[in-house]
There are 2 protein chains.
Amino acid sequence: MGLTKTEAFSEDQNELASLAKALAHPARIAILQHLLKINACICGDLVDVLPLSQPTVSQHLKALKSVGLIKGCIEGTSVSYCIDAARWNLVRERFGTFFDTLVAEQDCSC
Amino acid sequence: MGLTKTEAFSEDQNELASLAKALAHPARIAILQHLLKINACICGDLVDVLPLSQPTVSQHLKALKSVGLIKGCIEGTSVSYCIDAARWNLVRERFGTFFDTLVAEQDCSC
DNA sequence: AAATTCTATCGTAATATTGCGATATTAAAA
DNA sequence: TTTTAATATCGCAATATTACGATAGAATTT
């Protein structure tokens, strides 16, 4: 089918999965890394840095924005994008607690 | 197209993206949560727990196994799945250092 | 006002993912 | 050896994602 049975899973599970999905493309990782490095930049700068066209970069920015990891400030004709620090830290914790669920002894030796 | 330009991004970026992709489905999150809770179980148990058919669960298990987050031990006719603790901790660090890249002051107030 | 600049959206093509029935595979059990 | 049980794989259909050219929209510049 190709349709994820969203309604069959918990809100928690869907939320974490969709956060992961936002990170599930090298271009979006690259965008985030660039923003982390230079704090903020406009879409056009990302188009210069990435091996992708302007519409494609814009599409990836939209995906990151839709989960709240970045935000865009309109500055004249351009849009300055940057990390949303508050949301970023929430997401960091979300993944952190997920990964920290593993208890030390837990391991099937095989 | 629908084809990610993998070769145009760094190995690092592709690796992190593919780890995220493994987590980018609620069923796979649910599988990992279940394994975290009960340490190990066979595929059939997961089929009972999840709202998905056996082939679909098997497919999700394969995806998790391919990135190394879980491993399967053959036990007679069944396969006991569990978290690969060593790999798990590596992935935890991978995401951890990524998220920790954000410097405290960094934020565009808008 | 017209031209320019920058970004978003539309439309489309190609590939990927998801889900499941049917079936193959493998090992234990009868 | 035949049956049973458990899992993996195949094949297919439906939906999602990725990428980009063309174009629309919005604000600045000329």
# chains A, B, ... in the order shown; residues from 1 in each chain; ligands from 1
>>> closest_atom_pairs(of="chain B", to="chain D", cutoff="10 Å", atoms="only C-alpha atoms (C1' of nucleotides)", output="Markdown table")
| residue | atom | partner | partner_atom | distance |
| --- | --- | --- | --- | --- |
| B:Met1 | CA | D:DA19 | C1' | 5.5 |
| B:Gly2 | CA | D:DT18 | C1' | 3.7 |
| B:Leu3 | CA | D:DT18 | C1' | 5.7 |
| B:Thr4 | CA | D:DT18 | C1' | 6.2 |
| B:Lys5 | CA | D:DT18 | C1' | 9.0 |
| B:Ile42 | CA | D:DA6 | C1' | 9.1 |
| B:Cys43 | CA | D:DT7 | C1' | 7.5 |
| B:Gly44 | CA | D:DA6 | C1' | 7.5 |
| B:Gln54 | CA | D:DT7 | C1' | 8.5 |
| B:Pro55 | CA | D:DA8 | C1' | 7.9 |
| B:Ser58 | CA | D:DA8 | C1' | 7.3 |
| B:Gln59 | CA | D:DA8 | C1' | 8.7 |
| B:Lys62 | CA | D:DA8 | C1' | 9.6 |
| B:Gly76 | CA | D:DA6 | C1' | 8.9 |
| B:Thr77 | CA | D:DA6 | C1' | 5.4 |
| B:Ser78 | CA | D:DA6 | C1' | 5.1 |
| B:Val79 | CA | D:DT7 | C1' | 7.4 |
>>> interface_residues(of="chain C", to="chain A", cutoff="9 Å", atoms="only C-alpha atoms (C1' of nucleotides)", output="PyMOL selection string")
chain C and resi 5-9+17-20
>>> interface_residues(of="chain A", to="chain B", cutoff="6 Å", atoms="only C-alpha atoms", output="ChimeraX atom specification")
/A:13-14,17,20-21,23-26,36,73,85,92,99,102,107,110
>>> write_last_selection(atoms="N, CA, C and O atoms", output="CSV table (one decimal), in the first residue's frame")
chain,number,residue,atom,x,y,z
A,13,GLN,N,4.9,7.3,19.6
A,13,GLN,CA,5.6,6.6,18.6
A,13,GLN,C,5.6,7.4,17.3
A,13,GLN,O,6.6,7.5,16.6
A,14,ASN,N,4.4,7.9,16.9
A,14,ASN,CA,4.3,8.7,15.7
A,14,ASN,C,5.1,9.9,15.7
A,14,ASN,O,5.8,10.3,14.7
A,17,ALA,N,8.8,9.0,15.4
A,17,ALA,CA,9.1,8.6,14.1
A,17,ALA,C,9.1,9.8,13.1
A,17,ALA,O,10.0,9.8,12.2
A,20,ALA,N,12.3,11.6,13.5
A,20,ALA,CA,13.4,10.9,12.8
A,20,ALA,C,13.3,11.1,11.3
A,20,ALA,O,14.3,11.2,10.6
A,21,LYS,N,12.1,11.1,10.8
A,21,LYS,CA,11.9,11.2,9.4
A,21,LYS,C,12.5,12.6,8.9
A,21,LYS,O,13.0,12.7,7.8
A,23,LEU,N,15.0,14.0,9.9
A,23,LEU,CA,16.5,13.8,9.8
A,23,LEU,C,16.9,12.8,8.8
A,23,LEU,O,18.1,12.5,8.6
A,24,ALA,N,15.9,12.1,8.2
A,24,ALA,CA,16.2,11.0,7.4
A,24,ALA,C,16.6,11.3,5.9
A,24,ALA,O,16.3,10.5,5.0
A,25,HIS,N,17.3,12.4,5.7
A,25,HIS,CA,17.8,12.7,4.4
A,25,HIS,C,19.1,13.5,4.5
A,25,HIS,O,19.2,14.5,5.3
A,26,PRO,N,20.2,13.1,3.8
A,26,PRO,CA,21.5,13.7,3.9
A,26,PRO,C,21.4,15.2,3.7
A,26,PRO,O,22.2,16.0,4.3
A,36,LEU,N,24.0,25.1,12.1
A,36,LEU,CA,24.7,25.0,13.4
A,36,LEU,C,26.0,25.7,13.3
A,36,LEU,O,26.5,26.3,14.3
A,73,CYS,N,13.1,33.8,9.2
A,73,CYS,CA,12.8,35.2,9.5
A,73,CYS,C,12.8,35.9,8.1
A,73,CYS,O,13.9,35.9,7.5
A,85,ALA,N,16.3,27.0,18.7
A,85,ALA,CA,17.0,26.4,19.9
A,85,ALA,C,16.2,25.7,20.9
A,85,ALA,O,16.5,24.6,21.3
A,92,ARG,N,16.3,17.0,21.2
A,92,ARG,CA,17.5,16.3,21.7
A,92,ARG,C,17.1,15.4,22.9
A,92,ARG,O,17.5,14.3,23.0
A,99,PHE,N,17.0,6.7,23.7
A,99,PHE,CA,18.2,5.9,23.6
A,99,PHE,C,18.7,5.5,25.0
A,99,PHE,O,19.3,4.4,25.2
A,102,LEU,N,17.8,1.9,27.2
A,102,LEU,CA,18.5,0.6,27.2
A,102,LEU,C,19.2,0.5,28.6
A,102,LEU,O,20.0,1.3,29.0
A,107,ASP,N,21.5,-7.4,26.8
A,107,ASP,CA,22.1,-7.8,25.6
A,107,ASP,C,22.0,-9.3,25.4
A,107,ASP,O,22.2,-10.1,26.3
A,110,CYS,N,24.8,-13.1,20.9
A,110,CYS,CA,24.7,-14.0,19.8
A,110,CYS,C,25.3,-13.4,18.5
A,110,CYS,O,25.5,-12.2,18.6
>>> select_by_dssp(residues="chain B", states="alpha helix (DSSP H)", output="PyMOL selection string")
chain B and resi 11-22+26-38+43-49+54-66+85-99
>>> select_by_dssp(residues="chain A", states="strand (DSSP E)", output="JSON, numbers by chain")
{"A": [40, 41, 42, 70, 71, 72, 73, 74, 75, 78, 79, 80, 81, 82, 83]}
>>> write_last_selection(atoms="C-alpha atoms", output="PDB file, in the first residue's frame")
ATOM      1  CA  ALA A  40      21.826  31.692  10.251  1.00  0.00           C
ATOM      2  CA  CYS A  41      21.734  32.042   6.490  1.00  0.00           C
ATOM      3  CA  ILE A  42      19.332  32.594   3.652  1.00  0.00           C
ATOM      4  CA  ILE A  70      14.288  25.491  12.154  1.00  0.00           C
ATOM      5  CA  LYS A  71      12.522  28.778  11.698  1.00  0.00           C
ATOM      6  CA  GLY A  72      12.688  31.437   9.015  1.00  0.00           C
ATOM      7  CA  CYS A  73      12.763  35.192   9.458  1.00  0.00           C
ATOM      8  CA  ILE A  74      11.732  37.307   6.491  1.00  0.00           C
ATOM      9  CA  GLU A  75      14.369  39.911   5.729  1.00  0.00           C
ATOM     10  CA  SER A  78      15.057  36.868   1.395  1.00  0.00           C
ATOM     11  CA  VAL A  79      14.388  34.541   4.321  1.00  0.00           C
ATOM     12  CA  SER A  80      16.965  33.974   7.023  1.00  0.00           C
ATOM     13  CA  TYR A  81      16.826  30.452   8.375  1.00  0.00           C
ATOM     14  CA  CYS A  82      18.185  29.287  11.700  1.00  0.00           C
ATOM     15  CA  ILE A  83      17.852  26.565  14.288  1.00  0.00           C
TER      16      ILE A  83
END
